[in-house]
file entry_12.txt (compact mmCIF, C-alpha atoms)
# COMPACT_ATOMS: atom_id res chain seq x y z
CA MET A 1 110.45 116.00 69.44
CA VAL A 2 106.70 116.01 70.02
CA ILE A 3 104.74 113.23 71.71
CA ARG A 4 101.06 112.97 72.44
CA THR A 5 99.41 111.88 75.67
CA GLN A 6 97.63 108.55 75.79
CA PRO A 7 94.96 107.39 78.22
CA LEU A 8 96.26 105.97 81.49
CA THR A 9 95.42 102.27 81.44
CA VAL A 10 96.62 99.42 83.62
CA LYS A 11 98.09 97.62 80.61
CA ALA A 12 99.91 100.56 79.03
CA PHE A 13 101.30 101.71 82.39
CA ALA A 14 102.36 98.23 83.59
CA PRO A 15 106.05 98.57 82.59
CA TYR A 16 106.32 101.63 84.84
CA GLY A 17 103.98 101.02 87.75
CA ASP A 18 100.44 100.57 88.98
CA VAL A 19 97.17 102.37 88.24
CA LEU A 20 94.91 102.62 91.28
CA ASP A 21 91.23 103.21 90.65
CA CYS A 22 87.80 101.71 91.24
CA ALA A 23 87.41 100.09 87.82
CA GLY A 24 86.07 96.55 87.73
CA SER A 25 84.75 94.51 90.63
CA PRO A 26 85.79 95.36 94.17
CA ASP A 27 87.78 92.82 96.14
CA LYS A 28 85.46 93.19 99.12
CA LEU A 29 82.28 94.94 100.19
CA ILE A 30 82.62 96.49 103.66
CA ASN A 31 80.64 98.73 106.00
CA GLU A 32 77.40 96.78 105.59
CA GLY A 33 77.62 97.02 101.82
CA MET A 34 78.09 100.78 101.70
CA CYS A 35 81.75 100.72 100.65
CA SER A 36 83.73 98.84 98.02
CA ARG A 37 87.35 97.99 98.79
CA PHE A 38 89.82 97.64 95.90
CA HIS A 39 92.53 95.98 97.92
CA ASP A 40 96.27 96.59 98.03
CA ARG A 41 96.68 98.00 94.53
CA ALA A 42 100.21 99.45 94.69
CA GLU A 43 103.50 97.58 94.73
CA LEU A 44 105.17 99.41 97.60
CA ASP A 45 108.89 98.66 97.65
CA PHE A 46 111.27 100.49 99.96
CA GLU A 47 114.94 99.69 100.55
CA ASP A 48 116.40 100.54 103.91
CA GLY A 49 113.53 102.80 104.88
CA ARG A 50 109.80 102.80 105.53
CA ALA A 51 106.56 104.02 103.98
CA GLY A 52 105.32 107.49 104.82
CA VAL A 53 102.51 109.74 103.65
CA SER A 54 103.33 113.30 102.58
CA ILE A 55 101.31 116.05 100.93
CA PHE A 56 102.57 117.63 97.71
CA HIS A 57 101.22 120.98 96.53
CA ALA A 58 102.31 121.63 92.95
CA VAL A 59 101.86 124.49 90.53
CA PRO A 60 99.40 123.49 87.77
CA ARG A 61 100.90 123.20 84.28
CA ALA A 62 99.25 123.39 80.87
CA LEU A 63 99.47 121.36 77.67
CA PRO A 64 101.46 121.55 75.50
CA TYR A 65 104.18 121.00 78.12
CA ASP A 66 107.92 121.18 77.56
CA LEU A 67 109.62 118.27 79.29
CA THR A 68 113.19 119.12 80.21
CA LEU A 69 113.88 116.98 83.29
CA LEU A 70 113.38 113.37 84.30
CA GLU A 71 114.11 111.82 87.67
CA ARG A 72 114.02 108.50 89.46
CA HIS A 73 114.21 107.15 92.99
CA PRO A 74 116.50 104.11 93.18
CA LEU A 75 115.51 103.25 96.75
CA GLY A 76 111.74 103.26 96.60
CA SER A 77 108.40 103.29 94.86
CA GLN A 78 106.31 106.46 94.87
CA THR A 79 102.50 106.62 94.88
CA PHE A 80 100.72 109.80 93.74
CA ILE A 81 97.12 110.22 94.85
CA PRO A 82 95.30 113.28 93.47
CA MET A 83 93.19 115.01 96.14
CA SER A 84 90.91 116.59 93.56
CA PHE A 85 88.81 114.81 90.93
CA ASP A 86 90.94 116.02 88.03
CA PRO A 87 93.17 114.45 85.38
CA PHE A 88 96.91 114.93 85.70
CA LEU A 89 99.85 114.42 83.39
CA VAL A 90 102.02 111.36 84.04
CA ILE A 91 105.33 111.21 82.21
CA VAL A 92 107.60 108.17 82.24
CA ALA A 93 110.58 106.88 80.31
CA GLN A 94 112.21 103.57 79.59
CA ASP A 95 115.46 102.84 81.40
CA LEU A 96 118.61 102.47 79.31
CA GLY A 97 120.76 101.64 82.32
CA ASN A 98 122.13 104.91 83.54
CA LYS A 99 119.87 107.19 81.58
CA PRO A 100 116.28 107.41 80.39
CA GLY A 101 115.17 106.23 76.95
CA LYS A 102 111.87 106.60 75.13
CA VAL A 103 109.44 108.98 76.82
CA THR A 104 105.73 108.18 77.17
CA ALA A 105 103.05 110.55 78.49
CA PHE A 106 99.72 109.53 80.00
CA LEU A 107 96.69 111.61 80.82
CA SER A 108 94.89 110.17 83.84
CA ALA A 109 91.14 110.10 84.24
CA PRO A 110 89.59 111.73 87.32
CA GLY A 111 89.76 109.22 90.18
CA GLN A 112 92.96 107.52 89.11
CA ALA A 113 96.10 107.40 91.24
CA ILE A 114 99.42 105.92 90.16
CA ASN A 115 102.40 104.21 91.75
CA PHE A 116 105.80 104.43 90.11
CA HIS A 117 107.76 101.26 90.69
CA LYS A 118 111.15 101.67 92.34
CA GLY A 119 113.69 103.16 89.95
CA THR A 120 111.23 104.21 87.23
CA TRP A 121 112.23 107.33 85.28
CA HIS A 122 109.45 109.91 85.47
CA GLY A 123 108.69 113.58 85.08
CA VAL A 124 108.06 115.80 88.07
CA LEU A 125 104.53 116.11 89.41
CA THR A 126 102.41 117.88 86.77
CA PRO A 127 98.82 118.64 87.72
CA LEU A 128 96.82 120.34 84.98
CA ALA A 129 94.39 122.15 87.29
CA ALA A 130 94.28 123.79 90.68
CA PRO A 131 94.60 122.95 93.54
CA GLY A 132 97.43 120.62 92.43
CA LEU A 133 97.20 118.75 95.71
CA PHE A 134 98.39 115.16 96.05
CA ALA A 135 99.05 112.67 98.82
CA VAL A 136 102.28 110.81 98.19
CA VAL A 137 103.28 107.48 99.67
CA ASP A 138 107.01 107.11 99.37
CA ARG A 139 110.16 106.10 101.14
CA ILE A 140 111.13 107.85 104.35
CA GLY A 141 114.79 107.30 105.10
CA ASP A 142 118.31 108.52 104.65
CA GLY A 143 120.48 107.97 101.60
CA ALA A 144 120.64 109.18 98.01
CA ASN A 145 117.19 108.50 96.63
CA LEU A 146 117.05 111.03 93.80
CA GLU A 147 118.69 110.87 90.38
CA GLU A 148 117.96 113.63 87.91
CA PHE A 149 118.52 113.65 84.15
CA ARG A 150 118.30 116.85 82.17
CA LEU A 151 117.31 116.37 78.52
CA ASP A 152 119.55 117.88 75.84
CA LYS A 153 116.48 118.99 73.92
CA PRO A 154 112.99 119.45 75.39
CA VAL A 155 110.27 116.98 74.49
CA MET A 156 107.02 118.75 73.74
CA ILE A 157 104.00 116.91 75.10
CA GLU A 158 100.68 117.60 73.43
CA ARG A 159 97.20 116.46 74.32
CA GLY A 160 96.57 113.20 72.47
CA MET B 1 71.63 112.17 121.64
CA VAL B 2 72.52 114.87 119.13
CA ILE B 3 76.05 116.16 118.49
CA ARG B 4 77.27 118.80 116.09
CA THR B 5 80.23 118.62 113.76
CA GLN B 6 83.26 120.74 114.48
CA PRO B 7 86.00 121.85 112.09
CA LEU B 8 88.79 119.33 111.58
CA THR B 9 91.89 120.87 113.14
CA VAL B 10 95.24 119.36 114.04
CA LYS B 11 94.76 120.21 117.70
CA ALA B 12 91.21 118.92 118.12
CA PHE B 13 91.97 115.73 116.21
CA ALA B 14 95.30 115.02 117.96
CA PRO B 15 93.89 112.49 120.48
CA TYR B 16 92.63 110.38 117.58
CA GLY B 17 95.13 110.81 114.80
CA ASP B 18 96.76 113.10 112.26
CA VAL B 19 95.40 115.73 109.90
CA LEU B 20 97.28 115.85 106.59
CA ASP B 21 97.01 119.04 104.56
CA CYS B 22 99.11 121.83 103.08
CA ALA B 23 98.53 124.38 105.84
CA GLY B 24 101.55 126.29 107.06
CA SER B 25 105.04 126.25 105.64
CA PRO B 26 106.21 123.29 103.58
CA ASP B 27 109.07 121.19 104.88
CA LYS B 28 110.81 121.36 101.53
CA LEU B 29 110.53 122.94 98.10
CA ILE B 30 111.18 120.43 95.31
CA ASN B 31 111.02 120.25 91.52
CA GLU B 32 112.87 123.53 91.01
CA GLY B 33 110.50 125.36 93.33
CA MET B 34 107.31 124.20 91.60
CA CYS B 35 106.19 121.82 94.37
CA SER B 36 105.91 122.08 98.15
CA ARG B 37 106.46 118.92 100.18
CA PHE B 38 104.72 118.57 103.56
CA HIS B 39 106.79 115.66 104.74
CA ASP B 40 105.78 112.45 106.48
CA ARG B 41 102.58 113.69 108.10
CA ALA B 42 100.96 110.42 109.21
CA GLU B 43 101.97 108.16 112.08
CA LEU B 44 101.87 104.83 110.26
CA ASP B 45 101.92 101.98 112.76
CA PHE B 46 101.38 98.38 111.67
CA GLU B 47 101.77 95.29 113.82
CA ASP B 48 102.75 92.08 112.13
CA GLY B 49 101.93 93.36 108.64
CA ARG B 50 102.88 96.01 106.13
CA ALA B 51 101.53 99.22 104.60
CA GLY B 52 99.39 98.97 101.48
CA VAL B 53 97.36 101.38 99.39
CA SER B 54 93.75 100.50 98.58
CA ILE B 55 90.91 102.40 96.96
CA PHE B 56 87.60 102.77 98.81
CA HIS B 57 84.44 103.76 96.94
CA ALA B 58 81.71 104.67 99.43
CA VAL B 59 78.09 105.71 99.10
CA PRO B 60 77.71 109.43 99.96
CA ARG B 61 75.73 110.18 103.11
CA ALA B 62 73.90 113.32 104.21
CA LEU B 63 73.69 115.35 107.40
CA PRO B 64 72.01 114.88 109.79
CA TYR B 65 73.51 111.38 109.99
CA ASP B 66 72.45 108.62 112.36
CA LEU B 67 75.51 106.96 113.83
CA THR B 68 74.81 103.37 114.85
CA LEU B 69 78.16 101.63 114.48
CA LEU B 70 81.73 102.31 115.54
CA GLU B 71 84.78 100.24 114.72
CA ARG B 72 88.51 100.08 115.37
CA HIS B 73 91.56 98.32 114.03
CA PRO B 74 93.77 97.04 116.86
CA LEU B 75 96.64 96.09 114.56
CA GLY B 76 97.14 99.20 112.52
CA SER B 77 96.65 102.85 111.68
CA GLN B 78 94.43 103.81 108.76
CA THR B 79 94.90 106.85 106.51
CA PHE B 80 91.97 108.19 104.46
CA ILE B 81 92.82 110.42 101.50
CA PRO B 82 89.85 111.94 99.66
CA MET B 83 90.30 111.80 95.87
CA SER B 84 87.91 114.69 95.31
CA PHE B 85 88.18 118.21 96.72
CA ASP B 86 85.22 117.81 99.07
CA PRO B 87 84.65 117.80 102.82
CA PHE B 88 83.84 114.50 104.49
CA LEU B 89 82.49 113.49 107.84
CA VAL B 90 85.00 112.08 110.34
CA ILE B 91 83.56 110.43 113.44
CA VAL B 92 85.69 109.28 116.35
CA ALA B 93 85.16 108.18 119.94
CA GLN B 94 87.15 108.02 123.12
CA ASP B 95 88.26 104.58 124.24
CA LEU B 96 86.89 103.25 127.52
CA GLY B 97 88.94 100.06 127.34
CA ASN B 98 86.76 97.56 125.59
CA LYS B 99 84.16 99.93 124.27
CA PRO B 100 83.87 103.44 122.85
CA GLY B 101 83.05 106.48 124.97
CA LYS B 102 82.23 110.04 124.05
CA VAL B 103 81.66 110.55 120.31
CA THR B 104 83.08 113.53 118.42
CA ALA B 105 82.34 114.44 114.81
CA PHE B 106 84.52 116.54 112.54
CA LEU B 107 83.80 118.08 109.17
CA SER B 108 86.95 118.23 107.06
CA ALA B 109 87.83 121.04 104.73
CA PRO B 110 88.52 120.25 101.07
CA GLY B 111 92.13 119.12 100.75
CA GLN B 112 92.39 117.50 104.16
CA ALA B 113 93.21 113.83 104.69
CA ILE B 114 93.27 112.07 108.05
CA ASN B 115 95.10 109.20 109.68
CA PHE B 116 93.46 107.28 112.51
CA HIS B 117 96.03 106.10 114.98
CA LYS B 118 96.10 102.37 115.68
CA GLY B 119 93.15 101.29 117.79
CA THR B 120 91.14 104.52 117.50
CA TRP B 121 87.36 104.06 117.57
CA HIS B 122 85.82 105.61 114.47
CA GLY B 123 82.75 105.61 112.29
CA VAL B 124 82.74 104.00 108.87
CA LEU B 125 83.79 106.06 105.88
CA THR B 126 81.22 108.81 105.34
CA PRO B 127 81.69 111.03 102.31
CA LEU B 128 79.08 113.75 101.93
CA ALA B 129 79.31 114.04 98.14
CA ALA B 130 79.92 111.91 95.07
CA PRO B 131 82.18 110.29 93.96
CA GLY B 132 82.99 109.13 97.52
CA LEU B 133 86.40 107.96 96.39
CA PHE B 134 89.32 107.62 98.80
CA ALA B 135 92.79 106.13 98.82
CA VAL B 136 93.43 104.28 102.05
CA VAL B 137 96.82 103.43 103.51
CA ASP B 138 96.34 100.65 106.02
CA ARG B 139 97.69 97.37 107.26
CA ILE B 140 97.93 94.46 104.88
CA GLY B 141 98.22 91.22 106.80
CA ASP B 142 96.44 88.32 108.42
CA GLY B 143 94.80 88.36 111.83
CA ALA B 144 91.76 89.91 113.47
CA ASN B 145 92.08 93.61 112.73
CA LEU B 146 88.44 94.69 113.02
CA GLU B 147 86.38 95.27 116.17
CA GLU B 148 82.85 96.59 115.78
CA PHE B 149 80.62 98.16 118.42
CA ARG B 150 76.95 98.71 117.77
CA LEU B 151 75.41 101.59 119.72
CA ASP B 152 72.31 100.91 121.82
CA LYS B 153 70.82 104.17 120.66
CA PRO B 154 71.83 106.08 117.51
CA VAL B 155 73.76 109.34 117.87
CA MET B 156 72.39 111.96 115.52
CA ILE B 157 75.13 114.09 113.97
CA GLU B 158 74.14 117.52 112.75
CA ARG B 159 76.11 120.11 110.85
CA GLY B 160 77.80 122.38 113.41

call {"tool": "encode", "arguments": {"input": "entry_12.txt", "output": "structure tokens"}}
result
Amino acid sequence: MVIRTQPLTVKAFAPYGDVLDCAGSPDKLINEGMCSRFHDRAELDFEDGRAGVSIFHAVPRALPYDLTLLERHPLGSQTFIPMSFDPFLVIVAQDLGNKPGKVTAFLSAPGQAINFHKGTWHGVLTPLAAPGLFAVVDRIGDGANLEEFRLDKPVMIERG
Amino acid sequence: MVIRTQPLTVKAFAPYGDVLDCAGSPDKLINEGMCSRFHDRAELDFEDGRAGVSIFHAVPRALPYDLTLLERHPLGSQTFIPMSFDPFLVIVAQDLGNKPGKVTAFLSAPGQAINFHKGTWHGVLTPLAAPGLFAVVDRIGDGANLEEFRLDKPVMIERG
């Protein structure tokens, strides 16, 4: 199967999580007008744990990309903040209960971060350019917070 | 008074907060070896509130920079994650109880984020290049969480 990336928009991504960017009007002007604050844009949701900030350094991938693995975190949301002004590939899937369903792929714009809601099926972190550096806000705690699902057949993701 | 920036290192910044980057060995390899995780690198500390992720869009400044205002947040830590691969200016000050003391200025390297510990005196967000976009993990909650201190005389910060 082949699917094409679509632009990462708040509306299209809403079933899976939040898009964090500086589109639209800021919620507040701070620092004597020199800084716009877009306030509290991610639905952080952690069971039996707490929020933490980690750094992820991932190998850049290229399109077309063969998707073979999806995963989800049943105990917490996960926010991915790119630390370079580059697009990255965001892959999600519907939930059919115990396994993922229809796959959708988004191509972010530079300056967009995303937050996967708790339990959302998603692909692993796939930057498309070096340095592949992200800050990640996710659940710090014990317990089984990773489910993986290997696809029978790869899904090829092409630039839309 | 004139002070010069110094490189942002874990050791030099330790009295004020945490440096988050991918220096050294990762804590864990994930995603079948394609991603390094540098785990839980910020001391998040929120009184009577919760963590949230906001986007800050700040006007870029230039060096030399005239520092006239310091601020602190008595109720929570504040993590600044640059969303472009650029250095930014990080200004902190010692705490003399109810007012700031000696000022120190750091110049980050691309790919470094910082976390101000709760109550640390610091300058406002000062990117040195466009887009001036940051994700900020700080306290979401009611209450007076901002103290400002205006300097009698500006401190000029020059590139070290």

call {"tool": "closest_residue", "arguments": {"input": "entry_12.txt", "among": "A:Gln6, A:Asn31, A:Phe85, A:Pro60", "to": "Ala130 in chain B", "atoms": "all atoms listed in the file"}}
result
A:Phe85

call {"tool": "atom_distance", "arguments": {"input": "entry_12.txt", "atom1": "CA of Ala51 in chain A", "atom2": "CA of Ala129 in chain B"}}
result
29.6 Å

call {"tool": "atom_distance", "arguments": {"input": "entry_12.txt", "atom1": "CA of Leu8 in chain A", "atom2": "CA of Tyr65 in chain A"}}
result
17.3 Å

call {"tool": "atom_distance", "arguments": {"input": "entry_12.txt", "atom1": "CA of Ala58 in chain A", "atom2": "CA of Arg50 in chain B"}}
result
28.8 Å

call {"tool": "closest_atom_pairs", "arguments": {"input": "entry_12.txt", "of": "chain B", "to": "chain A", "cutoff": "6 Å", "atoms": "all atoms listed in the file", "output": "CSV"}}
result
residue,atom,partner,partner_atom,distance
B:Met34,CA,A:Val59,CA,5.6
B:Cys35,CA,A:Ala58,CA,4.1
B:Ser36,CA,A:His57,CA,5.1
B:Arg37,CA,A:Phe56,CA,4.8
B:Phe38,CA,A:Ile55,CA,5.0
B:His39,CA,A:Ser54,CA,4.7
B:Asp40,CA,A:Ser54,CA,4.7
B:Arg41,CA,A:Ser54,CA,5.6
B:Ala42,CA,A:Val53,CA,5.8
B:Gly52,CA,A:Asp40,CA,5.2
B:Val53,CA,A:Asp40,CA,5.1
B:Ser54,CA,A:Asp40,CA,4.7
B:Ile55,CA,A:Phe38,CA,5.0
B:Phe56,CA,A:Arg37,CA,4.8
B:His57,CA,A:Ser36,CA,5.1
B:Ala58,CA,A:Cys35,CA,4.1
B:Val59,CA,A:Met34,CA,5.6
B:Pro82,CA,A:Met83,CA,5.7
B:Met83,CA,A:Met83,CA,4.3
B:Ser84,CA,A:Ser84,CA,4.0
B:Phe85,CA,A:Ser84,CA,4.5

call {"tool": "axis_aligned_box", "arguments": {"input": "entry_12.txt", "around": "range 15-32 of chain A", "padding_each_side": "3 Å", "output": "JSON"}}
result
{"center_x": 91.9, "center_y": 98.0, "center_z": 94.3, "size_x": 34.9, "size_y": 16.4, "size_z": 29.4}

call {"tool": "residues_near_point", "arguments": {"input": "entry_12.txt", "point": "(73.6, 101.9, 115.7)", "cutoff": "7 Å", "atoms": "all atoms listed in the file", "output": "MDAnalysis selection string"}}
result
chainID B and resid 67:69 150:154

call {"tool": "write_last_selection", "arguments": {"input": "entry_12.txt", "atoms": "C-alpha atoms", "output": "short mmCIF file (atom, residue, chain, number, x, y, z; two decimals), keeping the file's coordinate frame"}}
result
data_model
loop_
_atom_site.label_atom_id
_atom_site.label_comp_id
_atom_site.auth_asym_id
_atom_site.auth_seq_id
_atom_site.Cartn_x
_atom_site.Cartn_y
_atom_site.Cartn_z
CA LEU B 67 75.51 106.96 113.83
CA THR B 68 74.81 103.37 114.85
CA LEU B 69 78.16 101.63 114.48
CA ARG B 150 76.95 98.71 117.77
CA LEU B 151 75.41 101.59 119.72
CA ASP B 152 72.31 100.91 121.82
CA LYS B 153 70.82 104.17 120.66
CA PRO B 154 71.83 106.08 117.51
#

call {"tool": "closest_residue", "arguments": {"input": "entry_12.txt", "among": "A:Val10, A:Ala109, A:Pro100, A:Pro64", "to": "Gly160 in chain A", "atoms": "only C-alpha atoms"}}
result
A:Pro64

call {"tool": "residues_near_point", "arguments": {"input": "entry_12.txt", "point": "(116.5, 102.0, 94.3)", "cutoff": "7 Å", "atoms": "all atoms listed in the file", "output": "short mmCIF file (atom, residue, chain, number, x, y, z; two decimals) with C-alpha atoms, keeping the file's coordinate frame"}}
result
data_model
loop_
_atom_site.label_atom_id
_atom_site.label_comp_id
_atom_site.auth_asym_id
_atom_site.auth_seq_id
_atom_site.Cartn_x
_atom_site.Cartn_y
_atom_site.Cartn_z
CA GLU A 47 114.94 99.69 100.55
CA HIS A 73 114.21 107.15 92.99
CA PRO A 74 116.50 104.11 93.18
CA LEU A 75 115.51 103.25 96.75
CA GLY A 76 111.74 103.26 96.60
CA LYS A 118 111.15 101.67 92.34
CA GLY A 119 113.69 103.16 89.95
CA ASN A 145 117.19 108.50 96.63
#

call {"tool": "residues_around", "arguments": {"input": "entry_12.txt", "residues": "range 88-99 of chain B", "least_positions_apart": "3", "cutoff": "6 Å", "atoms": "all atoms listed in the file", "output": "list of chain:residue names"}}
result
B:Lys102, B:Val103, B:Thr104, B:Ala105, B:Phe106, B:Leu107, B:Ser108, B:Trp121, B:His122, B:Gly123, B:Thr126, B:Pro127, B:Leu128

call {"tool": "build_atoms", "arguments": {"input": "entry_12.txt", "residues": "range 83-102 of chain B", "atoms": "N, CA, C and O atoms", "output": "compact mmCIF listing (two decimals), in the coordinates of the input"}}
result
# COMPACT_ATOMS: atom_id res chain seq x y z
N MET B 83 89.83 111.60 97.24
CA MET B 83 90.30 111.80 95.87
C MET B 83 89.43 112.80 95.12
O MET B 83 89.51 112.92 93.91
N SER B 84 88.60 113.51 95.86
CA SER B 84 87.91 114.69 95.31
C SER B 84 88.05 115.81 96.34
O SER B 84 88.29 115.55 97.52
N PHE B 85 87.90 117.05 95.88
CA PHE B 85 88.18 118.21 96.72
C PHE B 85 86.91 118.58 97.49
O PHE B 85 86.33 119.66 97.30
N ASP B 86 86.48 117.66 98.33
CA ASP B 86 85.22 117.81 99.07
C ASP B 86 85.45 117.53 100.56
O ASP B 86 86.31 116.73 100.92
N PRO B 87 84.62 118.16 101.40
CA PRO B 87 84.65 117.80 102.82
C PRO B 87 84.09 116.39 103.01
O PRO B 87 83.31 115.90 102.20
N PHE B 88 84.50 115.75 104.09
CA PHE B 88 83.84 114.50 104.49
C PHE B 88 83.69 114.47 106.00
O PHE B 88 84.28 115.28 106.72
N LEU B 89 82.84 113.58 106.43
CA LEU B 89 82.49 113.49 107.84
C LEU B 89 83.42 112.49 108.53
O LEU B 89 83.57 111.36 108.05
N VAL B 90 84.05 112.92 109.62
CA VAL B 90 85.00 112.08 110.34
C VAL B 90 84.48 111.91 111.77
O VAL B 90 84.39 112.89 112.52
N ILE B 91 84.13 110.70 112.12
CA ILE B 91 83.56 110.43 113.44
C ILE B 91 84.54 109.59 114.25
O ILE B 91 85.06 108.59 113.76
N VAL B 92 84.79 110.02 115.47
CA VAL B 92 85.69 109.28 116.35
C VAL B 92 85.05 109.15 117.73
O VAL B 92 84.05 109.81 118.02
N ALA B 93 85.64 108.30 118.56
CA ALA B 93 85.16 108.18 119.94
C ALA B 93 86.32 107.89 120.86
O ALA B 93 87.33 107.29 120.46
N GLN B 94 86.18 108.37 122.09
CA GLN B 94 87.15 108.02 123.12
C GLN B 94 87.12 106.52 123.37
O GLN B 94 86.12 105.86 123.08
N ASP B 95 88.19 106.01 123.94
CA ASP B 95 88.26 104.58 124.24
C ASP B 95 88.09 104.36 125.75
O ASP B 95 88.83 104.94 126.54
N LEU B 96 87.11 103.57 126.10
CA LEU B 96 86.89 103.25 127.52
C LEU B 96 87.42 101.86 127.86
O LEU B 96 86.96 101.21 128.78
N GLY B 97 88.37 101.39 127.10
CA GLY B 97 88.94 100.06 127.34
C GLY B 97 88.42 99.11 126.29
O GLY B 97 89.00 98.99 125.22
N ASN B 98 87.31 98.49 126.57
CA ASN B 98 86.76 97.56 125.59
C ASN B 98 85.60 98.11 124.78
O ASN B 98 85.02 97.39 123.98
N LYS B 99 85.26 99.36 125.04
CA LYS B 99 84.16 99.93 124.27
C LYS B 99 84.39 101.43 124.07
O LYS B 99 85.20 102.04 124.79
N PRO B 100 83.70 102.00 123.11
CA PRO B 100 83.87 103.44 122.85
C PRO B 100 83.14 104.30 123.85
O PRO B 100 82.11 103.89 124.40
N GLY B 101 83.69 105.50 124.10
CA GLY B 101 83.05 106.48 124.97
C GLY B 101 82.48 107.63 124.18
O GLY B 101 81.81 107.43 123.17
N LYS B 102 82.80 108.83 124.66
CA LYS B 102 82.23 110.04 124.05
C LYS B 102 82.55 110.15 122.55
O LYS B 102 83.71 110.00 122.14
